[in-house]
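> Pasting in a structure now, in structure tokens, and then I'll have a few things to ask.
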Amino acid sequence: MAEKISLSATVPVELGGSRLDQVVAQLFPEHSRSRLTSWIKSGELQVDGQARRPRDKMLGGESVHLEAELQLEERWEAQEIALDIVYEDEDILVLNKPAGLVVHPAAGNHDGTLLNALLHHCPDIAAVPRAGIVHRLDKDTTGLMVVAKTLEAQTDLVGQLQERSMGREYEAVVTGVMTGGGTVDEPMARHPKNRLKMAVHPMGKEAITHYRVLQRFRAHTHIRVKLETGRTHQIRVHMAHIHYPLVGDILYAGRTRLPRGVSEELQQALRGFQRQALHARKLELWHPTSGEQMSWEVDLPPDMAALLTELAEDGKQVEHY
């Protein structure tokens, strides 16, 4: 099933000298630059009745016509899965994702995902690519995500991510006692040997993570993390890179390391924490329709709150901010 799109426009004289892909991005802002470029390359978007290249310069006055089909997310099944919705209107939906929920179907996870839940909650979202999902959280990371309910909202939110105007703050518990906050500015790429992992790599994409100490314990630190970029596994990779891996992160930290003299209760809490201790606590963005700046914050999930309680009760906390 697909949605037919038919659009026409005349290239304004003031855009003369600009590339075709730049021109149509202004003429049809409800569609992403990458989607428009693919339609130019496929010949579905034509200029004066002829196929052109994305880099071709326009003179001004040309007639641009688009006849295309936007595939709906029909191959994924709508499933009734409970969602913890923090905010919703006609354009966006903000939710608090639990641990264990996969965001998008993939090999090994064909259903039971957030995407399946969104298709059930809001059937019209099938007309938006990836059911409106513009950014992801790892399966075992909890916290706030925004979903676009319309094509226009998706294009706007993706733009905010690219321009770094969307604010995302996390809380994490790491192994080791940090002396203070800082910034990790290290490029990242797919791990050269283990395709399930990401890694710091000199030829990778820019990745910047800011962190500050919230509370120090005898052998662990509770931190607040702010992302400037949004690479896959970015916080997990960057914290492991500076030798403060996230508690419970088997992929990047290996097996759980217990400090000397640790209490039986804390041993059980650390060994029993079966996911990375990471929570997307705060989300800030500009509403794609009203332009209003909006912000949401959600409490830590019970498992992380309980872990922090056990760390505090371990007795030898160094400093509390």
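Residues are named by chain letter and number: chains run A, B, ... in the order of the structure tokens, numbers start at 1 in each chain, and ligands are numbered from 1 in the order shown.
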With a cut-off of 9 Å, could you pull out the residues of stretch 142-235 of chain A touching stretch 283-290 of chain A and give me the nearest pair of atoms for each, distance in Å to one decimal, using only C-alpha atoms, ordered by chain and ascending number, as JSON lines?

{"residue": "A:Leu144", "atom": "CA", "partner": "A:Leu283", "partner_atom": "CA", "distance": 6.5}
{"residue": "A:Met145", "atom": "CA", "partner": "A:Leu283", "partner_atom": "CA", "distance": 7.6}
{"residue": "A:Val146", "atom": "CA", "partner": "A:Leu283", "partner_atom": "CA", "distance": 8.3}
{"residue": "A:Glu152", "atom": "CA", "partner": "A:Pro288", "partner_atom": "CA", "distance": 7.7}
{"residue": "A:Ala153", "atom": "CA", "partner": "A:Pro288", "partner_atom": "CA", "distance": 5.4}
{"residue": "A:Gln154", "atom": "CA", "partner": "A:Pro288", "partner_atom": "CA", "distance": 8.3}
{"residue": "A:Thr155", "atom": "CA", "partner": "A:Pro288", "partner_atom": "CA", "distance": 8.8}
{"residue": "A:Asp156", "atom": "CA", "partner": "A:Pro288", "partner_atom": "CA", "distance": 5.7}
{"residue": "A:Leu157", "atom": "CA", "partner": "A:Pro288", "partner_atom": "CA", "distance": 6.8}
{"residue": "A:Gln160", "atom": "CA", "partner": "A:Leu285", "partner_atom": "CA", "distance": 7.7}
{"residue": "A:Ser165", "atom": "CA", "partner": "A:Leu285", "partner_atom": "CA", "distance": 7.0}
{"residue": "A:Met166", "atom": "CA", "partner": "A:Leu285", "partner_atom": "CA", "distance": 4.8}
{"residue": "A:Gly167", "atom": "CA", "partner": "A:Glu284", "partner_atom": "CA", "distance": 4.7}
{"residue": "A:Arg168", "atom": "CA", "partner": "A:Leu283", "partner_atom": "CA", "distance": 4.9}
{"residue": "A:Glu169", "atom": "CA", "partner": "A:Leu283", "partner_atom": "CA", "distance": 6.6}
> For A:Asn194, find every residue with an atom within 12 Å (counting only C-alpha atoms), except residues of its own chain fewer than 5 positions away, and show them as a list of chain:residue names.
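My reading of the contact set: A:Ala189, A:Ala199, A:Leu251, A:Tyr252.
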> List the spatial neighbours of stretch 56-60 of chain A as a PyMOL selection string - criterion: any atom at most 10 Å away, only C-alpha atoms, same-chain residues fewer than 3 positions off excluded.
chain A and resi 10-23+47+52-53+63
> Enumerate the residues of stretch 22-111 of chain A with a DSSP assignment of helix (DSSP H, G or I), computed from the backbone, and present them as a list in words.
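Taking stretch 22-111 of chain A and keeping helix (DSSP H, G or I) gives Gln22, Val23, Val24, Ala25, Gln26, Leu27, Arg33, Ser34, Arg35, Leu36, Thr37, Ser38, Trp39, Ile40, Lys41 and Ser42 of chain A.
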> Please provide as a PyMOL selection string all residues within 7 Å of A:Lys149, with the sequence filter that same-chain residues fewer than 4 positions apart are discarded (counting only C-alpha atoms).
chain A and resi 90-92+125+132+153
> Based on the backbone DSSP call, show me all residues of stretch 126-281 of chain A assigned strand (DSSP E), as a PyMOL selection string.
chain A and resi 142-148+167-175+182-185+188-190+198-200+208-216+220-227+278-281
> When you look at A:Leu266 with a cut-off of 9 Å (counting only C-alpha atoms), what residues show up, excluding the ones that are within fewer than 2 positions of it in the same chain? I need them as an mmCIF file with N, CA and C atoms, in the first residue's frame.

data_model
loop_
_atom_site.group_PDB
_atom_site.id
_atom_site.type_symbol
_atom_site.label_atom_id
_atom_site.label_comp_id
_atom_site.auth_asym_id
_atom_site.auth_seq_id
_atom_site.Cartn_x
_atom_site.Cartn_y
_atom_site.Cartn_z
ATOM 1 N N LEU A 258 33.422 -6.315 40.852
ATOM 2 C CA LEU A 258 32.994 -5.956 42.205
ATOM 3 C C LEU A 258 34.149 -5.339 42.981
ATOM 4 N N VAL A 262 32.924 -5.256 49.271
ATOM 5 C CA VAL A 262 31.562 -4.840 48.960
ATOM 6 C C VAL A 262 30.560 -5.660 49.782
ATOM 7 N N SER A 263 29.480 -5.019 50.211
ATOM 8 C CA SER A 263 28.467 -5.703 51.011
ATOM 9 C C SER A 263 27.745 -6.754 50.178
ATOM 10 N N GLU A 264 27.163 -7.724 50.850
ATOM 11 C CA GLU A 264 26.411 -8.785 50.167
ATOM 12 C C GLU A 264 25.249 -8.194 49.367
ATOM 13 N N GLN A 268 24.735 -8.397 45.222
ATOM 14 C CA GLN A 268 23.532 -8.892 44.557
ATOM 15 C C GLN A 268 22.952 -7.840 43.613
ATOM 16 N N ALA A 269 22.976 -6.575 44.048
ATOM 17 C CA ALA A 269 22.425 -5.495 43.217
ATOM 18 C C ALA A 269 23.230 -5.341 41.925
ATOM 19 N N LEU A 270 24.561 -5.402 42.045
ATOM 20 C CA LEU A 270 25.416 -5.229 40.864
ATOM 21 C C LEU A 270 25.320 -6.431 39.928
ATOM 22 N N ARG A 271 25.364 -7.623 40.505
ATOM 23 C CA ARG A 271 25.279 -8.828 39.663
ATOM 24 C C ARG A 271 23.890 -8.966 39.040
ATOM 25 N N LEU A 307 19.433 0.595 42.562
ATOM 26 C CA LEU A 307 20.881 0.446 42.479
ATOM 27 C C LEU A 307 21.577 1.606 43.198
ATOM 28 N N GLU A 310 21.400 1.193 46.958
ATOM 29 C CA GLU A 310 22.364 0.216 47.470
ATOM 30 C C GLU A 310 23.785 0.788 47.465
ATOM 31 N N LEU A 311 24.121 1.560 46.435
ATOM 32 C CA LEU A 311 25.455 2.171 46.384
ATOM 33 C C LEU A 311 25.634 3.148 47.547
ATOM 34 N N GLU A 313 24.071 3.076 50.417
ATOM 35 C CA GLU A 313 24.089 2.340 51.678
ATOM 36 C C GLU A 313 25.369 1.532 51.854
ATOM 37 N N ASP A 314 26.132 1.396 50.783
ATOM 38 C CA ASP A 314 27.416 0.698 50.903
ATOM 39 C C ASP A 314 28.312 1.455 51.878
#
> Give me the residues within 12 Å of A:Pro301 as a PyMOL selection string, counting only C-alpha atoms and dropping any in the same chain fewer than 3 places off.
chain A and resi 96-99+140-144+171-172+277-281+298+304-308
> Determine the nearest neighbour of A:Thr175 from the options A:Ile242, A:Val147, A:Val247, A:Met198, counting only C-alpha atoms.
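Using only C-alpha atoms, A:Thr175 sits closest to A:Val247.
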> Smallest atom-to-atom distance to A:Thr256: which of A:Met294, A:Val174, A:Ala82, A:Val102, using only C-alpha atoms?
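Looking only at the distances to A:Thr256, the closest residue turns out to be A:Val174.
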> Tell me which protein, DNA and RNA residues are within 8 Å of A:Ile235, counting only C-alpha atoms, leaving out same-chain ones fewer than 2 positions away, and put them as a list in words.
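So, after excluding close chain neighbours, the residues are Thr209, Val225, His233, Val237, His238 and Met239 of chain A.
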> Rounded to one decimal in Å, what is the spacing between atom CA of A:Leu196 and atom CA of A:Glu77?
26.0 Å
